[in-house]
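Below is the file protein.pdb, which contains PDB, C-alpha atoms.
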ATOM      1  CA  MET A   1       8.399   5.069 -43.454
ATOM      2  CA  LYS A   2      10.702   3.384 -40.955
ATOM      3  CA  GLY A   3       9.742   5.956 -38.325
ATOM      4  CA  ARG A   4       6.055   5.128 -38.776
ATOM      5  CA  GLU A   5       6.788   1.395 -38.486
ATOM      6  CA  LYS A   6       8.658   1.988 -35.223
ATOM      7  CA  ARG A   7       5.770   4.045 -33.833
ATOM      8  CA  ASP A   8       3.322   1.299 -34.827
ATOM      9  CA  GLU A   9       5.493  -1.326 -33.149
ATOM     10  CA  GLY A  10       5.640   0.767 -29.982
ATOM     11  CA  ARG A  11       1.871   1.230 -30.011
ATOM     12  CA  ASP A  12       1.312  -2.509 -30.529
ATOM     13  CA  PHE A  13       3.662  -3.284 -27.642
ATOM     14  CA  ARG A  14       1.760  -0.971 -25.321
ATOM     15  CA  LEU A  15      -1.594  -2.377 -26.351
ATOM     16  CA  LEU A  16      -0.311  -5.912 -25.805
ATOM     17  CA  LEU A  17       0.840  -5.083 -22.278
ATOM     18  CA  LEU A  18      -2.495  -3.512 -21.468
ATOM     19  CA  PHE A  19      -4.399  -6.482 -22.934
ATOM     20  CA  LEU A  20      -2.371  -9.013 -20.957
ATOM     21  CA  PHE A  21      -2.914  -7.097 -17.727
ATOM     22  CA  ILE A  22      -6.677  -6.754 -18.196
ATOM     23  CA  SER A  23      -6.932 -10.398 -19.222
ATOM     24  CA  SER A  24      -5.190 -11.479 -16.044
ATOM     25  CA  LEU A  25      -7.867  -9.660 -14.038
ATOM     26  CA  VAL A  26     -10.982 -10.855 -15.823
ATOM     27  CA  THR A  27      -9.989 -14.497 -16.339
ATOM     28  CA  ARG A  28      -9.485 -15.415 -12.678
ATOM     29  CA  PRO A  29     -11.425 -18.468 -11.463
ATOM     30  CA  SER A  30     -14.890 -17.647 -10.171
ATOM     31  CA  SER A  31     -14.074 -19.331  -6.869
ATOM     32  CA  LEU A  32     -12.112 -16.229  -5.917
ATOM     33  CA  PHE A  33     -15.368 -14.354  -5.526
ATOM     34  CA  ALA A  34     -16.569 -16.714  -2.801
ATOM     35  CA  ILE A  35     -15.475 -17.010   0.814
ATOM     36  CA  SER A  36     -12.019 -18.560   0.830
ATOM     37  CA  ASN A  37     -11.636 -22.084   2.190
ATOM     38  CA  ASN A  38      -8.419 -20.848   3.807
ATOM     39  CA  ALA A  39     -10.060 -18.071   5.800
ATOM     40  CA  GLY A  40      -8.492 -17.831   9.248
ATOM     41  CA  THR A  41      -5.758 -20.380   8.516
ATOM     42  CA  LYS A  42      -2.848 -17.994   7.793
ATOM     43  CA  ASN A  43      -0.501 -15.964   9.977
ATOM     44  CA  GLY A  44       0.625 -12.373   9.761
ATOM     45  CA  ASP A  45      -2.605 -10.505   8.983
ATOM     46  CA  PHE A  46      -0.891  -7.336  10.269
ATOM     47  CA  LEU A  47       1.381  -7.452   7.197
ATOM     48  CA  ASN A  48      -1.585  -6.265   5.123
ATOM     49  CA  ILE A  49      -2.137  -3.060   7.113
ATOM     50  CA  ALA A  50      -1.583   0.171   5.185
ATOM     51  CA  THR A  51       1.388   2.097   6.582
ATOM     52  CA  ASP A  52       0.903   5.625   5.186
ATOM     53  CA  ALA A  53      -1.897   8.181   5.087
ATOM     54  CA  ARG A  54      -1.913   8.611   1.291
ATOM     55  CA  GLY A  55      -2.432   4.900   0.696
ATOM     56  CA  VAL A  56      -5.222   4.725   3.287
ATOM     57  CA  SER A  57      -7.099   7.737   1.901
ATOM     58  CA  LEU A  58      -6.998   6.291  -1.633
ATOM     59  CA  GLY A  59      -8.733   3.115  -0.476
ATOM     60  CA  GLU A  60      -5.555   1.069  -1.009
ATOM     61  CA  SER A  61      -5.852   1.532  -4.796
ATOM     62  CA  ILE A  62      -2.347   3.018  -4.863
ATOM     63  CA  VAL A  63      -0.346   0.101  -6.344
ATOM     64  CA  SER A  64       0.074   1.871  -9.718
ATOM     65  CA  MET A  65       0.487   5.489  -8.532
ATOM     66  CA  VAL A  66       2.799   5.125  -5.552
ATOM     67  CA  ASN A  67       6.033   7.083  -5.214
ATOM     68  CA  GLY A  68       8.744   7.817  -2.672
ATOM     69  CA  ALA A  69       8.974   6.005   0.660
ATOM     70  CA  ASP A  70       5.423   4.627   0.336
ATOM     71  CA  ALA A  71       6.754   2.294  -2.385
ATOM     72  CA  LEU A  72       8.104  -0.038   0.302
ATOM     73  CA  ARG A  73       4.528  -0.923   1.278
ATOM     74  CA  TRP A  74       2.668  -0.765  -2.032
ATOM     75  CA  ASN A  75       5.058  -1.433  -4.917
ATOM     76  CA  PRO A  76       8.866  -1.590  -4.517
ATOM     77  CA  ALA A  77       9.281  -1.280  -8.304
ATOM     78  CA  ALA A  78       8.541   2.446  -7.845
ATOM     79  CA  LEU A  79      11.918   2.726  -6.106
ATOM     80  CA  GLY A  80      13.405   2.593  -9.586
ATOM     81  CA  SER A  81      11.972   6.049 -10.380
ATOM     82  CA  LEU A  82      12.880   8.058  -7.286
ATOM     83  CA  ASP A  83      13.418  11.771  -7.904
ATOM     84  CA  GLY A  84      15.141  12.443  -4.579
ATOM     85  CA  LYS A  85      15.737  11.298  -1.011
ATOM     86  CA  GLU A  86      12.815  10.906   1.381
ATOM     87  CA  VAL A  87      12.154  10.021   5.028
ATOM     88  CA  SER A  88       8.644   9.192   6.216
ATOM     89  CA  ALA A  89       7.145   8.632   9.697
ATOM     90  CA  THR A  90       3.589   7.389  10.290
ATOM     91  CA  HIS A  91       1.429   7.011  13.390
ATOM     92  CA  ILE A  92      -1.820   5.032  13.124
ATOM     93  CA  GLN A  93      -4.530   5.024  15.764
ATOM     94  CA  TYR A  94      -6.032   1.774  14.537
ATOM     95  CA  TYR A  95      -9.308   0.084  15.325
ATOM     96  CA  GLN A  96      -9.985  -1.197  18.839
ATOM     97  CA  GLY A  97      -7.213   0.793  20.511
ATOM     98  CA  VAL A  98      -4.292  -0.669  18.566
ATOM     99  CA  ASP A  99      -1.367   1.705  17.910
ATOM    100  CA  ILE A 100       0.962   1.341  14.908
ATOM    101  CA  GLU A 101       4.213   3.118  14.071
ATOM    102  CA  ASN A 102       6.090   3.003  10.771
ATOM    103  CA  LEU A 103       9.378   4.677   9.831
ATOM    104  CA  SER A 104      10.861   4.470   6.330
ATOM    105  CA  GLY A 105      13.474   6.089   4.133
ATOM    106  CA  VAL A 106      14.481   5.815   0.468
ATOM    107  CA  PHE A 107      17.567   6.861  -1.477
ATOM    108  CA  PRO A 108      18.170   6.976  -5.260
ATOM    109  CA  ILE A 109      21.282   5.245  -6.610
ATOM    110  CA  GLU A 110      22.739   4.945 -10.083
ATOM    111  CA  GLU A 111      21.095   1.564 -10.710
ATOM    112  CA  GLY A 112      17.690   2.586  -9.344
ATOM    113  CA  GLY A 113      16.656   3.128  -5.737
ATOM    114  CA  ILE A 114      16.916   1.494  -2.319
ATOM    115  CA  GLY A 115      14.876   1.843   0.853
ATOM    116  CA  ALA A 116      14.306   0.501   4.340
ATOM    117  CA  SER A 117      11.438   0.606   6.828
ATOM    118  CA  VAL A 118      10.512  -0.503  10.342
ATOM    119  CA  PHE A 119       6.912  -1.353  11.347
ATOM    120  CA  TYR A 120       5.698  -1.848  14.936
ATOM    121  CA  LEU A 121       2.217  -2.767  16.196
ATOM    122  CA  THR A 122       1.049  -3.189  19.780
ATOM    123  CA  PRO A 123      -2.307  -3.123  21.588
ATOM    124  CA  GLY A 124      -0.574  -2.390  24.894
ATOM    125  CA  THR A 125      -0.970  -4.594  27.961
ATOM    126  CA  LEU A 126      -3.544  -7.412  27.985
ATOM    127  CA  ASP A 127      -5.124  -9.401  30.809
ATOM    128  CA  GLY A 128      -3.910 -13.006  30.999
ATOM    129  CA  ARG A 129      -6.326 -15.840  31.825
ATOM    130  CA  ASP A 130      -5.916 -19.589  32.255
ATOM    131  CA  VAL A 131      -8.222 -22.239  30.747
ATOM    132  CA  LEU A 132     -10.649 -21.762  33.641
ATOM    133  CA  GLY A 133     -10.775 -17.995  33.201
ATOM    134  CA  ASN A 134      -8.709 -17.194  36.278
ATOM    135  CA  PRO A 135      -6.378 -14.146  36.078
ATOM    136  CA  THR A 136      -2.722 -15.018  35.436
ATOM    137  CA  GLY A 137      -1.304 -11.498  35.259
ATOM    138  CA  ASN A 138      -0.840  -8.967  32.496
ATOM    139  CA  PHE A 139       1.242  -9.651  29.414
ATOM    140  CA  LYS A 140       2.276  -7.814  26.256
ATOM    141  CA  PHE A 141       2.473  -8.781  22.630
ATOM    142  CA  TYR A 142       3.679  -6.992  19.543
ATOM    143  CA  ASP A 143       4.318  -7.466  15.828
ATOM    144  CA  ALA A 144       7.336  -5.944  14.090
ATOM    145  CA  VAL A 145       8.639  -5.939  10.524
ATOM    146  CA  GLY A 146      11.967  -4.764   9.143
ATOM    147  CA  THR A 147      12.054  -4.274   5.357
ATOM    148  CA  ILE A 148      14.809  -3.610   2.810
ATOM    149  CA  GLY A 149      13.716  -2.836  -0.755
ATOM    150  CA  PHE A 150      15.262  -2.265  -4.181
ATOM    151  CA  GLY A 151      13.778  -1.087  -7.475
ATOM    152  CA  ARG A 152      15.230  -0.571 -10.945
ATOM    153  CA  LYS A 153      13.986   0.658 -14.326
ATOM    154  CA  ILE A 154      14.708  -1.960 -17.011
ATOM    155  CA  LEU A 155      12.989  -0.361 -20.037
ATOM    156  CA  THR A 156      12.315   3.227 -21.087
ATOM    157  CA  ARG A 157       9.586   4.857 -23.141
ATOM    158  CA  ALA A 158      11.947   4.987 -26.107
ATOM    159  CA  GLU A 159      12.001   1.179 -25.990
ATOM    160  CA  GLY A 160       8.200   0.927 -25.956
ATOM    161  CA  ALA A 161       7.251   1.592 -22.318
ATOM    162  CA  ASP A 162       8.733   2.564 -18.971
ATOM    163  CA  VAL A 163       9.087  -0.699 -17.060
ATOM    164  CA  SER A 164      10.478  -1.040 -13.540
ATOM    165  CA  VAL A 165      10.865  -4.076 -11.306
ATOM    166  CA  GLY A 166      11.433  -4.269  -7.577
ATOM    167  CA  ALA A 167      11.603  -6.525  -4.548
ATOM    168  CA  ASN A 168      11.469  -6.377  -0.755
ATOM    169  CA  VAL A 169      13.121  -8.631   1.813
ATOM    170  CA  LYS A 170      11.441  -8.653   5.230
ATOM    171  CA  LEU A 171      12.175  -9.999   8.661
ATOM    172  CA  VAL A 172       8.926 -10.506  10.555
ATOM    173  CA  GLU A 173       8.824 -10.882  14.342
ATOM    174  CA  GLU A 174       5.764 -11.869  16.353
ATOM    175  CA  ALA A 175       6.006 -11.841  20.147
ATOM    176  CA  ILE A 176       3.524 -12.718  22.880
ATOM    177  CA  ALA A 177       4.440 -12.832  26.578
ATOM    178  CA  ASP A 178       7.808 -14.633  26.750
ATOM    179  CA  GLU A 179       7.591 -16.251  23.316
ATOM    180  CA  SER A 180       8.800 -14.741  20.024
ATOM    181  CA  PHE A 181       9.085 -15.975  16.450
ATOM    182  CA  GLN A 182      11.083 -14.619  13.515
ATOM    183  CA  ASN A 183      10.531 -15.477   9.858
ATOM    184  CA  PRO A 184      11.524 -13.955   6.489
ATOM    185  CA  ALA A 185       9.131 -12.867   3.740
ATOM    186  CA  PHE A 186       9.503 -11.391   0.263
ATOM    187  CA  ASP A 187       7.661  -9.075  -2.133
ATOM    188  CA  LEU A 188       8.017  -8.967  -5.938
ATOM    189  CA  ALA A 189       6.605  -6.136  -8.050
ATOM    190  CA  THR A 190       6.524  -4.388 -11.404
ATOM    191  CA  LEU A 191       5.400  -0.962 -12.583
ATOM    192  CA  ILE A 192       4.624  -0.221 -16.253
ATOM    193  CA  SER A 193       3.845   3.074 -17.978
ATOM    194  CA  PRO A 194       2.840   2.251 -21.581
ATOM    195  CA  LEU A 195       1.315   5.675 -22.279
ATOM    196  CA  ASP A 196       1.604   9.207 -20.948
ATOM    197  CA  ASP A 197      -0.341   9.534 -17.697
ATOM    198  CA  LEU A 198      -1.196   5.802 -17.607
ATOM    199  CA  ASN A 199       0.444   3.509 -15.039
ATOM    200  CA  ILE A 200      -0.070  -0.187 -14.383
ATOM    201  CA  GLY A 201       1.191  -1.891 -11.235
ATOM    202  CA  LEU A 202       1.437  -5.436  -9.925
ATOM    203  CA  ASN A 203       2.679  -6.509  -6.480
ATOM    204  CA  VAL A 204       2.985 -10.012  -5.010
ATOM    205  CA  ARG A 205       3.368  -9.657  -1.252
ATOM    206  CA  ASP A 206       4.529 -11.766   1.677
ATOM    207  CA  LEU A 207       5.916 -14.828  -0.044
ATOM    208  CA  SER A 208       7.182 -17.084   2.737
ATOM    209  CA  SER A 209       7.967 -20.627   3.785
ATOM    210  CA  SER A 210       5.306 -23.065   4.924
ATOM    211  CA  LYS A 211       6.713 -22.671   8.436
ATOM    212  CA  ALA A 212       5.816 -18.980   8.523
ATOM    213  CA  ASN A 213       2.491 -19.587   6.724
ATOM    214  CA  PHE A 214       1.877 -15.877   6.087
ATOM    215  CA  SER A 215      -1.197 -14.791   4.178
ATOM    216  CA  ARG A 216      -0.195 -13.750   0.638
ATOM    217  CA  GLU A 217      -1.676 -11.085  -1.612
ATOM    218  CA  ILE A 218      -1.511 -10.398  -5.342
ATOM    219  CA  THR A 219      -2.568  -6.830  -6.151
ATOM    220  CA  GLY A 220      -2.901  -5.408  -9.653
ATOM    221  CA  GLY A 221      -4.201  -2.003 -10.644
ATOM    222  CA  ALA A 222      -4.043   0.938 -12.998
ATOM    223  CA  SER A 223      -4.224   4.725 -12.704
ATOM    224  CA  TYR A 224      -4.693   7.579 -15.146
ATOM    225  CA  THR A 225      -4.059  11.303 -14.776
ATOM    226  CA  ILE A 226      -6.276  13.911 -16.442
ATOM    227  CA  PHE A 227      -6.031  17.700 -16.449
ATOM    228  CA  ARG A 228      -2.494  17.245 -15.036
ATOM    229  CA  ASN A 229      -3.696  17.384 -11.419
ATOM    230  CA  TYR A 230      -6.375  14.690 -11.019
ATOM    231  CA  THR A 231      -5.545  10.986 -10.875
ATOM    232  CA  GLY A 232      -8.075   8.175 -10.675
ATOM    233  CA  ALA A 233      -7.063   4.622  -9.769
ATOM    234  CA  PHE A 234      -8.449   1.136  -9.221
ATOM    235  CA  ALA A 235      -6.945  -2.065  -7.867
ATOM    236  CA  VAL A 236      -7.944  -5.689  -7.398
ATOM    237  CA  THR A 237      -6.424  -7.780  -4.601
ATOM    238  CA  TYR A 238      -6.414 -11.591  -4.486
ATOM    239  CA  PRO A 239      -5.548 -12.846  -0.965
ATOM    240  CA  ASN A 240      -5.027 -16.567  -0.398
ATOM    241  CA  ASP A 241      -7.031 -16.503   2.827
ATOM    242  CA  ALA A 242      -9.909 -14.097   2.150
ATOM    243  CA  PRO A 243     -12.361 -13.034  -0.573
ATOM    244  CA  ILE A 244     -11.205 -10.875  -3.460
ATOM    245  CA  ARG A 245     -11.134  -7.118  -2.729
ATOM    246  CA  TYR A 246     -11.749  -4.184  -5.046
ATOM    247  CA  SER A 247     -10.440  -0.662  -4.495
ATOM    248  CA  VAL A 248     -10.968   2.693  -6.177
ATOM    249  CA  GLY A 249      -9.492   6.079  -5.348
ATOM    250  CA  GLY A 250      -8.950   9.599  -6.581
ATOM    251  CA  GLU A 251      -6.439  12.331  -5.831
ATOM    252  CA  CYS A 252      -6.754  16.018  -6.746
ATOM    253  CA  LYS A 253      -3.550  18.020  -6.370
ATOM    254  CA  ILE A 254      -3.580  21.730  -5.603
ATOM    255  CA  PRO A 255      -0.729  23.153  -7.716
ATOM    256  CA  GLN A 256      -0.684  26.486  -5.884
ATOM    257  CA  LEU A 257       0.424  24.675  -2.704
ATOM    258  CA  ASP A 258       3.485  22.415  -2.822
ATOM    259  CA  GLY A 259       2.500  18.849  -2.006
ATOM    260  CA  ALA A 260      -1.139  19.726  -1.196
ATOM    261  CA  ALA A 261      -3.936  17.360  -2.261
ATOM    262  CA  ILE A 262      -7.361  16.039  -1.323
ATOM    263  CA  ARG A 263      -8.082  12.322  -1.621
ATOM    264  CA  ALA A 264     -10.898   9.804  -1.313
ATOM    265  CA  GLY A 265     -11.348   6.113  -1.939
ATOM    266  CA  TYR A 266     -13.362   2.985  -1.289
ATOM    267  CA  GLN A 267     -12.449  -0.645  -0.645
ATOM    268  CA  SER A 268     -14.837  -3.602  -0.639
ATOM    269  CA  HIS A 269     -15.059  -5.619   2.577
ATOM    270  CA  ASP A 270     -16.972  -8.284   4.504
ATOM    271  CA  SER A 271     -20.390  -7.477   5.963
ATOM    272  CA  LEU A 272     -20.184  -5.356   9.111
ATOM    273  CA  ASP A 273     -22.513  -4.087  11.814
ATOM    274  CA  SER A 274     -23.001  -0.406  12.508
ATOM    275  CA  SER A 275     -20.955   1.267  15.215
ATOM    276  CA  ILE A 276     -22.603   2.118  18.520
ATOM    277  CA  ASP A 277     -19.769   4.145  20.037
ATOM    278  CA  SER A 278     -18.316   6.230  17.224
ATOM    279  CA  GLN A 279     -17.730   9.833  18.295
ATOM    280  CA  ILE A 280     -18.819  10.959  14.826
ATOM    281  CA  PRO A 281     -22.506   9.995  14.405
ATOM    282  CA  ALA A 282     -22.427  10.381  10.615
ATOM    283  CA  LEU A 283     -19.785   7.661  10.418
ATOM    284  CA  ARG A 284     -21.529   5.038  12.546
ATOM    285  CA  GLY A 285     -23.402   3.289   9.744
ATOM    286  CA  ALA A 286     -22.022   0.061   8.306
ATOM    287  CA  SER A 287     -23.157   1.283   4.882
ATOM    288  CA  ILE A 288     -20.204   3.670   4.653
ATOM    289  CA  ALA A 289     -17.597   1.233   5.945
ATOM    290  CA  GLY A 290     -14.795   0.960   3.411
ATOM    291  CA  LEU A 291     -15.037   4.643   2.523
ATOM    292  CA  THR A 292     -11.754   6.499   3.048
ATOM    293  CA  MET A 293     -10.837  10.161   2.874
ATOM    294  CA  GLY A 294      -7.873  12.391   3.549
ATOM    295  CA  ALA A 295      -5.765  15.357   2.583
ATOM    296  CA  GLY A 296      -2.177  16.504   2.462
ATOM    297  CA  ILE A 297      -0.316  19.778   2.622
ATOM    298  CA  GLY A 298       3.280  20.697   1.845
ATOM    299  CA  TYR A 299       5.671  23.342   3.150
ATOM    300  CA  LYS A 300       9.084  24.571   1.971
ATOM    301  CA  PRO A 301      11.119  26.193   4.777
ATOM    302  CA  PRO A 302      12.576  29.493   3.476
ATOM    303  CA  ILE A 303      15.991  28.730   4.920
ATOM    304  CA  PHE A 304      16.070  25.288   3.201
ATOM    305  CA  PRO A 305      14.607  25.850  -0.302
ATOM    306  CA  SER A 306      15.517  22.329  -1.466
ATOM    307  CA  LEU A 307      13.577  20.708   1.406
ATOM    308  CA  LEU A 308       9.860  19.861   1.152
ATOM    309  CA  LEU A 309       7.859  18.842   4.219
ATOM    310  CA  ASP A 310       4.577  16.985   3.721
ATOM    311  CA  LEU A 311       1.833  16.341   6.260
ATOM    312  CA  ASP A 312      -0.824  13.779   5.250
ATOM    313  CA  TYR A 313      -3.922  12.657   7.129
ATOM    314  CA  ALA A 314      -6.409   9.860   6.430
ATOM    315  CA  MET A 315      -9.555   8.585   8.126
ATOM    316  CA  ALA A 316     -11.196   5.218   7.534
ATOM    317  CA  PRO A 317     -14.547   4.379   9.210
ATOM    318  CA  PHE A 318     -15.129   0.644   9.544
ATOM    319  CA  GLY A 319     -18.514   0.067  11.102
ATOM    320  CA  ALA A 320     -18.546  -1.654  14.480
ATOM    321  CA  LEU A 321     -14.757  -1.932  14.448
ATOM    322  CA  GLY A 322     -14.416   1.823  14.823
ATOM    323  CA  ILE A 323     -12.501   4.503  12.934
ATOM    324  CA  SER A 324      -8.799   4.543  12.164
ATOM    325  CA  HIS A 325      -6.796   7.763  11.958
ATOM    326  CA  THR A 326      -3.471   7.880  10.117
ATOM    327  CA  ILE A 327      -0.935  10.731  10.148
ATOM    328  CA  THR A 328       2.209  10.697   7.985
ATOM    329  CA  VAL A 329       5.018  13.263   8.035
ATOM    330  CA  LYS A 330       7.553  13.282   5.181
ATOM    331  CA  ALA A 331      10.753  15.141   4.452
ATOM    332  CA  LYS A 332      11.937  15.223   0.823
ATOM    333  CA  TRP A 333      15.089  16.708  -0.642
TER
END

Turn the structure described in the file into structure tokens.
Amino acid sequence: MKGREKRDEGRDFRLLLLFLFISSLVTRPSSLFAISNNAGTKNGDFLNIATDARGVSLGESIVSMVNGADALRWNPAALGSLDGKEVSATHIQYYQGVDIENLSGVFPIEEGGIGASVFYLTPGTLDGRDVLGNPTGNFKFYDAVGTIGFGRKILTRAEGADVSVGANVKLVEEAIADESFQNPAFDLATLISPLDDLNIGLNVRDLSSSKANFSREITGGASYTIFRNYTGAFAVTYPNDAPIRYSVGGECKIPQLDGAAIRAGYQSHDSLDSSIDSQIPALRGASIAGLTMGAGIGYKPPIFPSLLLDLDYAMAPFGALGISHTITVKAKW
């Protein structure tokens, strides 16, 4: 009898968590669905760029299904459930000729997991002009972010649900010509698994001082795995300087190949024009902007059986802005 009461209490706890999460999504003020009054008033838009191919290909719906080094971008609470060490390197050929590099690594410890990453964005050299439009010489600018993260599991399934919490501390540098600015920012996150194959994630990103004035995001989402190899996910993002965004994504793993998977997703966005210069005619239409797709493959070197190498690719067409290509290489052991 006592065993049944404990199971009922555990079930009620899980249902309560799920109810509170869903309620937080559907009871937001309707003004969030309109154009934000703060549009264009915040700094640090580059902080919202996805920094790994898996996250891009899933349409940024990954907040509840992230793992490994990608947790530093999407949900640092996932650092509390690391199953090994991992190093990840990403190159992004972004829209309009912008190049982005990201390097990250994570390490499990007794209390949870820790990680660090470095992000660098530059469009190369730009032409300088004065107020009259006269040339003043070339100049460079770049954006860089250094991140340290920590995650820890605070509850287990035996206590009602797996619950992890995590946080990131960032140092953000923005430089243009001879001027540079440095400011800190913080992320806070949680990851909950109330049922087998069901995960719920919440991440509050880029908390900062009024001096830095970074755009902030609150992202919540859920994912569910069926048939052991297919996971579907959705996420809702509330920026404080832009309209609300919705994301959906799906990942199908290929168990015969270590680390192999195919992925697709979609993220809502502002209205866009069609592209006139895309090298892939089928991807020129604005109607498919927001669609993302990608794949990954894994390889275990025979001489290092404990090492797994992953190669992930993602493509995201974005109308007149062009197409971004993201490549991520990971080493896990």

Evaluating the PyMOL selection byres ((chain A and resi 293) around 12) on the displayed file yields which residues, as a PyMOL selection string? chain A and resi 53-60+248-252+261-267+283+288-292+294-296+312-317+323-326

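Here CA of Pro239 in chain A stands at a distance of 23.5 Å from CA of Gly151 in chain A.
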
If we count only C-alpha atoms and set the cut-off at 12 Å, which residues sit around Leu82 in chain A, ignoring sequence neighbours fewer than 3 positions away in its own chain? Please answer as a VMD selection string. chain A and resid 66 to 71 76 to 79 85 to 86 105 to 115 150 to 153 164 332 to 333

Just checking: using all atoms listed in the file, which residue out of A:Asp162, A:Glu173, A:Asp241, A:Asp178 ends up closest to Ser193 in chain A?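 Once distances to Ser193 in chain A are computed over all atoms listed in the file, the minimum belongs to A:Asp162.
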
Ranking A:Ser61, A:Ser117, A:Ser223, A:Thr51 by minimum distance to Leu171 in chain A and counting only C-alpha atoms, which one comes first? A:Ser117

So the first atom is CA of Val236 in chain A and the second is CA of Ile218 in chain A; what is the distance between them in Å, to one decimal place?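 That distance, rounded to one decimal, is 8.2 Å.
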
Find the residues around Tyr120 in chain A up to 6 Å (only C-alpha atoms counted), leave out those fewer than 6 positions away in its own chain, and share them as a list in words.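 Contacts, with the query itself left out: Ile100, Glu101, Asp143 and Ala144 of chain A.
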
Residue by residue, what does the PyMOL selection byres ((chain A and resi 44) around 12) grab here? Present the result as a ChimeraX atom specification. /A:40-43,45-49,121,142-145,171-175,181-185,205-208,212-217,241

Edge lengths and centre in Å to one decimal, as JSON, is what I'm after for the box along x, y and z that holds all listed atoms of range 159-170 of chain A once 6 Å is added on each side.
{"center_x": 10.2, "center_y": -3.0, "center_z": -10.4, "size_x": 17.9, "size_y": 23.2, "size_z": 43.2}

All residues 12 Å or closer to Pro301 in chain A, only C-alpha atoms, same chain fewer than 5 positions away omitted, as a PDB file with C-alpha atoms, in the frame of the given file:
ATOM      1  CA  ASP A 258       3.485  22.415  -2.822  1.00  0.00           C
ATOM      2  CA  SER A 306      15.517  22.329  -1.466  1.00  0.00           C
ATOM      3  CA  LEU A 307      13.577  20.708   1.406  1.00  0.00           C
ATOM      4  CA  LEU A 308       9.860  19.861   1.152  1.00  0.00           C
ATOM      5  CA  LEU A 309       7.859  18.842   4.219  1.00  0.00           C
ATOM      6  CA  ASP A 310       4.577  16.985   3.721  1.00  0.00           C
ATOM      7  CA  ALA A 331      10.753  15.141   4.452  1.00  0.00           C
ATOM      8  CA  LYS A 332      11.937  15.223   0.823  1.00  0.00           C
ATOM      9  CA  TRP A 333      15.089  16.708  -0.642  1.00  0.00           C
TER      10      TRP A 333
END

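Straight-line separation from CA of Glu179 in chain A to CA of Asn102 in chain A: 23.0 Å.
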
Written as a list of chain:residue names, what is the full residue list that the PyMOL selection byres ((chain A and resi 234) around 6) yields on the file shown? A:Ser61, A:Gly221, A:Ala222, A:Ala233, A:Ala235, A:Ser247, A:Val248

Neighbours of Tyr238 in chain A within 8 Å (all atoms listed in the file; same-chain residues fewer than 4 positions away dropped), as a list in words? Leu32, Glu217, Ile218, Thr219, Ala242, Pro243, Ile244 and Arg245 of chain A

A:Thr231, A:Thr237, A:Ser180, A:Ser81: which is nearest Leu202 in chain A, counting only C-alpha atoms?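 For Leu202 in chain A, the nearest of the given residues is A:Thr237.
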
Nearest to Tyr94 in chain A by atom-to-atom distance, counting only C-alpha atoms, from A:Leu72, A:Ala189, A:Ala50, A:Ala177: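 Closest candidate: A:Ala50.
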